[in-house]
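Below is the file final06.txt, which contains compact mmCIF, C-alpha atoms.
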# COMPACT_ATOMS: atom_id res chain seq x y z
CA MET A 1 209.44 114.25 -45.18
CA ARG A 2 206.28 115.64 -43.54
CA GLN A 3 207.53 119.22 -43.84
CA GLU A 4 208.37 118.75 -47.53
CA LYS A 5 204.86 117.41 -48.16
CA ALA A 6 203.34 120.39 -46.34
CA VAL A 7 205.36 122.84 -48.46
CA GLU A 8 204.38 121.10 -51.71
CA THR A 9 200.71 120.96 -50.68
CA ALA A 10 200.76 124.66 -49.83
CA LYS A 11 202.23 125.50 -53.26
CA VAL A 12 199.49 123.59 -55.11
CA LEU A 13 196.80 125.18 -52.94
CA THR A 14 198.22 128.65 -53.61
CA ARG A 15 198.10 128.09 -57.37
CA LEU A 16 194.48 127.02 -57.13
CA ASN A 17 193.54 130.04 -55.01
CA GLU A 18 195.15 132.38 -57.56
CA LYS A 19 192.61 131.27 -60.18
CA ASN A 20 189.67 133.62 -60.72
CA SER A 21 187.14 130.78 -60.67
CA LEU A 22 187.27 127.10 -59.83
CA SER A 23 185.18 124.27 -61.18
CA GLY A 24 183.30 122.02 -58.78
CA THR A 25 186.01 119.39 -59.05
CA GLN A 26 188.74 121.95 -58.39
CA GLN A 27 186.86 123.31 -55.38
CA SER A 28 186.58 119.82 -53.91
CA TYR A 29 190.27 119.24 -54.56
CA ALA A 30 191.19 122.55 -52.91
CA LYS A 31 189.08 121.63 -49.91
CA ARG A 32 190.88 118.30 -49.54
CA LEU A 33 194.26 120.03 -49.85
CA THR A 34 193.29 122.54 -47.17
CA SER A 35 192.28 119.72 -44.84
CA THR A 36 195.53 117.87 -45.54
CA LEU A 37 197.61 120.98 -44.92
CA GLU A 38 195.84 121.62 -41.61
CA ARG A 39 196.62 118.10 -40.45
CA LEU A 40 200.25 118.41 -41.51
CA ASP A 41 200.65 121.80 -39.82
CA SER A 42 199.00 120.68 -36.59
CA SER A 43 201.25 117.63 -36.42
CA PHE A 44 204.28 119.87 -35.90
CA ASP A 45 202.78 121.22 -32.69
CA ARG A 46 202.34 117.79 -31.13
CA PRO A 47 205.38 116.28 -29.43
CA SER A 48 206.63 113.36 -31.47
CA GLN A 49 206.25 109.97 -29.82
CA PRO A 50 209.57 108.32 -28.98
CA LEU A 51 210.39 105.26 -31.04
CA TYR A 52 209.99 101.92 -29.33
CA GLN A 53 213.13 100.90 -27.44
CA GLY A 54 213.45 97.18 -26.80
CA LYS A 55 216.21 95.10 -25.24
CA PRO A 56 218.76 94.01 -27.86
CA HIS A 57 219.36 90.64 -26.19
CA ILE A 58 215.69 89.64 -26.50
CA ILE A 59 214.93 88.48 -30.03
CA ILE A 60 211.73 87.36 -31.70
CA GLY A 61 212.50 84.45 -34.03
CA LEU A 62 210.07 83.49 -36.79
CA SER A 63 209.98 80.26 -38.75
CA LEU A 64 208.03 79.48 -41.91
CA GLY A 65 206.35 76.17 -42.60
CA TRP A 66 203.93 74.36 -44.87
CA ASP A 67 201.37 73.17 -42.36
CA ASN A 68 201.70 76.24 -40.12
CA PRO A 69 202.90 79.23 -42.17
CA LEU A 70 204.28 81.08 -39.14
CA THR A 71 205.67 80.09 -35.73
CA LEU A 72 207.23 82.46 -33.19
CA ALA A 73 209.77 82.07 -30.41
CA VAL A 74 211.01 84.69 -27.91
CA TRP A 75 214.67 84.06 -27.12
CA ASN A 76 216.88 85.70 -24.49
CA ALA A 77 220.50 85.82 -25.66
CA LYS A 78 221.85 86.58 -22.16
CA THR A 79 220.27 83.56 -20.47
CA GLN A 80 220.22 81.42 -23.61
CA LYS A 81 216.62 80.55 -22.77
CA VAL A 82 213.32 80.66 -24.64
CA LEU A 83 210.85 82.97 -22.94
CA ALA A 84 207.80 81.98 -24.95
CA TYR A 85 206.48 80.23 -28.03
CA ARG A 86 203.54 81.24 -30.17
CA SER A 87 201.92 78.96 -32.71
CA LEU A 88 199.88 80.24 -35.65
CA ARG A 89 196.71 79.42 -33.73
CA GLN A 90 197.89 81.38 -30.70
CA LEU A 91 198.96 84.37 -32.78
CA LEU A 92 195.60 84.58 -34.53
CA GLY A 93 193.44 83.74 -31.52
CA LYS A 94 189.76 83.89 -32.45
CA ASP A 95 190.75 84.81 -36.01
CA TYR A 96 192.26 81.35 -36.52
CA LEU A 97 188.93 80.41 -38.11
CA LEU A 98 189.79 82.82 -40.92
CA PHE A 99 192.95 80.84 -41.61
CA LEU A 100 190.96 77.60 -41.79
CA ARG A 101 188.52 79.29 -44.14
CA GLN A 102 191.39 80.48 -46.36
CA ARG A 103 192.81 76.97 -46.54
CA ARG A 104 189.38 75.64 -47.47
CA GLU A 105 189.02 78.24 -50.23
CA GLN A 106 192.45 77.34 -51.60
CA GLY A 107 191.46 73.69 -51.76
CA GLU A 108 188.21 74.47 -53.55
CA GLN A 109 189.94 76.70 -56.09
CA SER A 110 192.59 74.06 -56.75
CA HIS A 111 189.89 71.43 -57.29
CA ASN A 112 188.01 73.72 -59.68
CA ARG A 113 191.18 74.44 -61.66
CA HIS A 114 191.99 70.75 -62.06
CA LYS A 115 188.39 70.01 -63.04
CA SER A 116 188.38 72.78 -65.67
CA GLN A 117 191.72 71.64 -67.07
CA ARG A 118 190.38 68.13 -67.57
CA GLN A 119 187.33 69.53 -69.34
CA GLY A 120 189.40 71.94 -71.46
CA LYS A 121 187.71 75.00 -69.98
CA SER A 122 189.13 78.25 -68.70
CA ASN A 123 190.85 77.73 -65.36
CA GLN A 124 191.21 81.32 -64.20
CA PHE A 125 189.73 81.50 -60.71
CA GLY A 126 190.07 84.59 -58.58
CA THR A 127 191.19 84.60 -54.95
CA SER A 128 189.82 86.62 -52.08
CA ASN A 129 191.82 89.15 -50.09
CA LEU A 130 191.50 86.95 -47.03
CA GLY A 131 195.16 85.87 -47.17
CA GLU A 132 196.38 89.48 -47.08
CA HIS A 133 194.06 90.22 -44.16
CA ILE A 134 195.43 87.24 -42.24
CA ASP A 135 198.99 88.44 -42.96
CA ARG A 136 198.15 91.81 -41.42
CA LEU A 137 196.67 90.11 -38.35
CA LEU A 138 199.77 87.95 -37.97
CA ALA A 139 202.11 90.93 -38.37
CA LYS A 140 200.18 92.84 -35.73
CA ALA A 141 200.35 89.85 -33.35
CA VAL A 142 204.10 89.42 -33.92
CA VAL A 143 204.82 93.06 -33.12
CA ALA A 144 202.50 92.98 -30.09
CA THR A 145 204.38 89.94 -28.76
CA ALA A 146 207.69 91.71 -29.34
CA GLN A 147 206.49 94.69 -27.32
CA GLN A 148 205.09 92.44 -24.59
CA TYR A 149 208.51 90.86 -24.04
CA GLU A 150 210.43 94.08 -24.76
CA ALA A 151 212.25 92.48 -27.67
CA GLY A 152 214.80 94.58 -29.50
CA SER A 153 214.36 92.95 -32.89
CA ILE A 154 212.46 90.46 -35.02
CA ALA A 155 214.53 87.84 -36.84
CA VAL A 156 212.91 86.60 -40.05
CA PRO A 157 214.07 83.84 -42.42
CA LYS A 158 215.54 84.44 -45.85
CA LEU A 159 213.37 83.05 -48.59
CA ASP A 160 216.18 81.66 -50.74
CA ASN A 161 216.09 78.21 -49.11
CA ILE A 162 212.41 78.08 -48.12
CA ARG A 163 211.67 75.52 -50.84
CA GLU A 164 214.03 72.93 -49.35
CA ILE A 165 212.72 73.66 -45.84
CA LEU A 166 209.15 72.99 -46.98
CA GLN A 167 210.21 69.88 -48.88
CA SER A 168 211.99 68.46 -45.84
CA GLU A 169 208.86 69.09 -43.75
CA ILE A 170 206.74 67.12 -46.21
CA GLU A 171 209.30 64.30 -46.41
CA ALA A 172 209.35 64.00 -42.62
CA LYS A 173 205.55 63.75 -42.53
CA ALA A 174 205.55 61.21 -45.35
CA GLU A 175 208.13 59.06 -43.55
CA GLN A 176 205.96 59.03 -40.43
CA LYS A 177 202.87 58.05 -42.43
CA ALA A 178 204.54 55.37 -44.55
CA PRO A 179 207.73 54.21 -42.78
CA GLY A 180 209.91 52.02 -44.96
CA SER A 181 207.79 52.48 -48.10
CA VAL A 182 209.31 54.78 -50.70
CA GLU A 183 206.26 54.58 -52.97
CA GLY A 184 203.93 55.17 -50.06
CA GLN A 185 205.89 58.22 -49.02
CA LYS A 186 205.78 59.61 -52.56
CA ARG A 187 202.00 59.14 -52.75
CA TYR A 188 201.48 60.80 -49.37
CA ALA A 189 203.75 63.73 -50.26
CA LYS A 190 201.88 64.28 -53.52
CA GLN A 191 198.51 64.11 -51.80
CA TYR A 192 199.67 66.43 -49.01
CA LYS A 193 200.96 69.04 -51.45
CA SER A 194 197.64 69.09 -53.29
CA SER A 195 195.62 69.44 -50.07
CA ILE A 196 197.80 71.99 -48.23
CA HIS A 197 198.84 74.94 -50.35
CA LYS A 198 201.90 77.08 -49.75
CA TRP A 199 201.34 80.44 -48.11
CA SER A 200 202.59 83.64 -49.72
CA TYR A 201 205.62 83.89 -47.43
CA GLY A 202 207.08 86.94 -49.15
CA ARG A 203 203.82 88.82 -48.67
CA LEU A 204 203.65 87.74 -45.03
CA LEU A 205 207.20 88.87 -44.24
CA ASP A 206 206.57 92.17 -46.03
CA GLN A 207 203.65 92.78 -43.67
CA VAL A 208 205.79 91.92 -40.65
CA GLY A 209 208.53 94.27 -41.84
CA SER A 210 206.08 97.08 -42.49
CA LYS A 211 204.42 96.75 -39.08
CA ALA A 212 207.79 96.52 -37.34
CA ALA A 213 209.03 99.68 -39.09
CA GLN A 214 205.97 101.60 -37.91
CA THR A 215 206.79 100.65 -34.33
CA GLY A 216 210.55 101.15 -34.51
CA LEU A 217 211.47 97.48 -34.22
CA VAL A 218 214.58 96.27 -36.03
CA VAL A 219 214.15 93.39 -38.50
CA GLU A 220 217.07 90.99 -38.98
CA THR A 221 217.13 88.53 -41.88
CA VAL A 222 218.96 85.21 -41.56
CA LYS A 223 218.87 81.74 -43.07
CA GLN A 224 216.29 79.35 -41.62
CA LEU A 225 217.97 76.09 -40.66
CA ARG A 226 216.20 72.75 -40.76
CA GLN A 227 215.11 71.46 -37.36
CA LYS A 228 212.68 68.80 -36.15
CA THR A 229 209.88 71.21 -35.23
CA ALA A 230 208.67 74.66 -36.26
CA SER A 231 209.33 75.94 -32.72
CA GLU A 232 212.94 74.76 -32.86
CA MET A 233 213.38 76.46 -36.22
CA ALA A 234 212.03 79.73 -34.80
CA VAL A 235 214.56 79.55 -31.95
CA ALA A 236 217.33 78.73 -34.43
CA VAL A 237 216.44 81.83 -36.47
CA ALA A 238 216.71 84.02 -33.37
CA ILE A 239 220.06 82.45 -32.41
CA ALA A 240 221.38 82.86 -35.97
CA ALA A 241 220.44 86.55 -35.92
CA TYR A 242 222.33 87.09 -32.67
CA ALA A 243 225.36 85.16 -33.96
CA SER A 244 225.32 87.27 -37.11
CA ARG A 245 225.59 90.41 -34.99
CA GLN A 246 228.63 89.04 -33.19
CA THR A 247 230.31 88.28 -36.53
CA VAL A 248 229.74 91.84 -37.72
CA VAL A 249 231.08 93.32 -34.46
CA SER A 250 234.22 91.17 -34.49
Could you spell out this file's structure in structure tokens?
Amino acid sequence: MRQEKAVETAKVLTRLNEKNSLSGTQQSYAKRLTSTLERLDSSFDRPSQPLYQGKPHIIIGLSLGWDNPLTLAVWNAKTQKVLAYRSLRQLLGKDYLLFLRQRREQGEQSHNRHKSQRQGKSNQFGTSNLGEHIDRLLAKAVVATAQQYEAGSIAVPKLDNIREILQSEIEAKAEQKAPGSVEGQKRYAKQYKSSIHKWSYGRLLDQVGSKAAQTGLVVETVKQLRQKTASEMAVAVAIAAYASRQTVVS
């Protein structure tokens, strides 16, 4: 791919150099092409870095949730033991404050939309790029954890049943808050949904996949099963990924 780009860049640069005179814009473009070609050519002289090689039996399992968009578990298939857990707060570290800020912004935007709708005004409110930045931070932390434990792959949930997973999480919270009261549980669930907004899980998993590909980590996609806690779901995702491999082999 890199060699093909170098050849194509060289062709364009040659055509420009064949012209008798170049405009200022063309000269700037030719200069950028020359710089690009030099970088591409020099890259062939450097020894390529070997792709990351992890241990296939160590799997990073990720679970998605409403309250905490991402939870991680490191699972060892040989010993059948969990080596480590990482909550969203732990993955983000000092940047966890950015997540709290994002949640606050979401709440403010939702309030403004509802207020405008009641007043019959335009309800188009823009969003910051903070969510995308947090996704990149999380993806970086996931891959760093995988490398720390020499994991061979990252198991991520399919998104086709994420709605029912999130709904079951809310129902469990509502039952704890209003045990025995169906109406109370419905009110709590409605209030909770309006105060805690869903994360863009597809965007988050795309970032994880992109970062993993850059490193050479394999990404396995399996169904996320309902469990009592986010940590248990993360472990279940890792186990499901390993079981899926055995099915393919057999």
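Across A:Thr34, A:Ser244, A:Ser63, A:Asn76, the tightest approach to Leu159 of chain A is made by A:Ser63 when counting all atoms listed in the file.
The gap separating atom CA of Glu105 of chain A from atom CA of Ser231 of chain A is 26.9 Å, in Å to one decimal.
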Nearest candidate to Met233 of chain A (options A:Glu183, A:His57, A:Ala155, A:Gln147; using all atoms listed in the file):
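Going through A:Glu183, A:His57, A:Ala155, A:Gln147 one by one, the smallest distance to Met233 of chain A is for A:Ala155.
If you measure from each of A:Arg104, A:Arg86, A:Arg245, A:Lys211 to Lys140 of chain A using only C-alpha atoms, the closest one turns out to be A:Lys211.
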Kindly give the distance, in Å, that separates atom CA of Leu72 of chain A and atom CA of Tyr85 of chain A, rounded to a single decimal.
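One can read the atom CA of Leu72 of chain A to atom CA of Tyr85 of chain A distance as 5.7 Å.
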Within 6 Å of file point (217.3, 81.3, -44.7), counting all atoms listed in the file, expressed as a CSV table (one decimal) with C-alpha atoms, keeping the file's coordinate frame:
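In the end it all went to point_32.csv:
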chain,number,residue,atom,x,y,z
A,157,PRO,CA,214.1,83.8,-42.4
A,158,LYS,CA,215.5,84.4,-45.8
A,159,LEU,CA,213.4,83.0,-48.6
A,161,ASN,CA,216.1,78.2,-49.1
A,222,VAL,CA,219.0,85.2,-41.6
A,223,LYS,CA,218.9,81.7,-43.1
A,224,GLN,CA,216.3,79.4,-41.6
Near Lys198 of chain A, within 9 Å and counting all atoms listed in the file, which residues show up once chain neighbours fewer than 5 positions away are dropped, as a VMD selection string?
chain A and resid 65 to 67 69 166 193
Mind filling out segment 199-229 of chain A with N, CA and C atoms and sending it as a short mmCIF file (atom, residue, chain, number, x, y, z; two decimals), in the coordinates of the input?
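Output file out_37.cif is given in full below:
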data_model
loop_
_atom_site.label_atom_id
_atom_site.label_comp_id
_atom_site.auth_asym_id
_atom_site.auth_seq_id
_atom_site.Cartn_x
_atom_site.Cartn_y
_atom_site.Cartn_z
N TRP A 199 201.73 79.07 -48.42
CA TRP A 199 201.34 80.44 -48.11
C TRP A 199 202.21 81.39 -48.93
N SER A 200 201.77 82.63 -49.05
CA SER A 200 202.59 83.64 -49.72
C SER A 200 203.56 84.20 -48.68
N TYR A 201 204.70 83.53 -48.51
CA TYR A 201 205.62 83.89 -47.43
C TYR A 201 206.25 85.27 -47.63
N GLY A 202 206.52 85.61 -48.89
CA GLY A 202 207.08 86.94 -49.15
C GLY A 202 206.11 88.03 -48.73
N ARG A 203 204.85 87.85 -49.05
CA ARG A 203 203.82 88.82 -48.67
C ARG A 203 203.70 88.92 -47.16
N LEU A 204 203.75 87.77 -46.49
CA LEU A 204 203.65 87.74 -45.03
C LEU A 204 204.81 88.48 -44.38
N LEU A 205 206.03 88.21 -44.83
CA LEU A 205 207.20 88.87 -44.24
C LEU A 205 207.23 90.36 -44.56
N ASP A 206 206.68 90.75 -45.71
CA ASP A 206 206.57 92.17 -46.03
C ASP A 206 205.67 92.87 -45.02
N GLN A 207 204.57 92.21 -44.66
CA GLN A 207 203.65 92.78 -43.67
C GLN A 207 204.32 92.90 -42.30
N VAL A 208 205.07 91.88 -41.93
CA VAL A 208 205.79 91.92 -40.65
C VAL A 208 206.80 93.07 -40.65
N GLY A 209 207.55 93.19 -41.74
CA GLY A 209 208.53 94.27 -41.84
C GLY A 209 207.91 95.64 -41.79
N SER A 210 206.77 95.79 -42.47
CA SER A 210 206.08 97.08 -42.49
C SER A 210 205.57 97.45 -41.10
N LYS A 211 204.96 96.49 -40.42
CA LYS A 211 204.42 96.75 -39.08
C LYS A 211 205.56 97.02 -38.09
N ALA A 212 206.65 96.31 -38.22
CA ALA A 212 207.79 96.52 -37.34
C ALA A 212 208.38 97.91 -37.53
N ALA A 213 208.47 98.35 -38.79
CA ALA A 213 209.03 99.68 -39.09
C ALA A 213 208.18 100.78 -38.48
N GLN A 214 206.87 100.60 -38.50
CA GLN A 214 205.97 101.60 -37.91
C GLN A 214 206.21 101.74 -36.42
N THR A 215 206.60 100.66 -35.78
CA THR A 215 206.79 100.65 -34.33
C THR A 215 208.20 101.06 -33.93
N GLY A 216 209.16 100.86 -34.83
CA GLY A 216 210.55 101.15 -34.51
C GLY A 216 211.35 99.92 -34.19
N LEU A 217 210.76 98.74 -34.46
CA LEU A 217 211.47 97.48 -34.22
C LEU A 217 212.44 97.18 -35.37
N VAL A 218 213.59 96.67 -35.04
CA VAL A 218 214.58 96.27 -36.03
C VAL A 218 214.21 94.89 -36.57
N VAL A 219 214.38 94.70 -37.88
CA VAL A 219 214.15 93.39 -38.50
C VAL A 219 215.48 92.85 -39.01
N GLU A 220 215.84 91.65 -38.56
CA GLU A 220 217.07 90.99 -38.98
C GLU A 220 216.71 89.78 -39.86
N THR A 221 217.41 89.62 -40.95
CA THR A 221 217.13 88.53 -41.88
C THR A 221 218.27 87.53 -41.89
N VAL A 222 217.95 86.28 -41.61
CA VAL A 222 218.96 85.21 -41.56
C VAL A 222 218.41 83.96 -42.22
N LYS A 223 219.28 83.00 -42.45
CA LYS A 223 218.87 81.74 -43.07
C LYS A 223 218.14 80.87 -42.05
N GLN A 224 217.03 80.28 -42.48
CA GLN A 224 216.29 79.35 -41.62
C GLN A 224 216.89 77.96 -41.76
N LEU A 225 217.36 77.40 -40.65
CA LEU A 225 217.97 76.09 -40.66
C LEU A 225 216.93 75.00 -40.37
N ARG A 226 217.13 73.85 -40.97
CA ARG A 226 216.20 72.75 -40.76
C ARG A 226 216.32 72.18 -39.35
N GLN A 227 215.18 72.05 -38.69
CA GLN A 227 215.11 71.46 -37.36
C GLN A 227 213.92 70.50 -37.33
N LYS A 228 213.75 69.79 -36.23
CA LYS A 228 212.68 68.80 -36.15
C LYS A 228 211.29 69.45 -36.10
N THR A 229 211.19 70.58 -35.40
CA THR A 229 209.88 71.21 -35.23
C THR A 229 209.94 72.68 -35.65
#
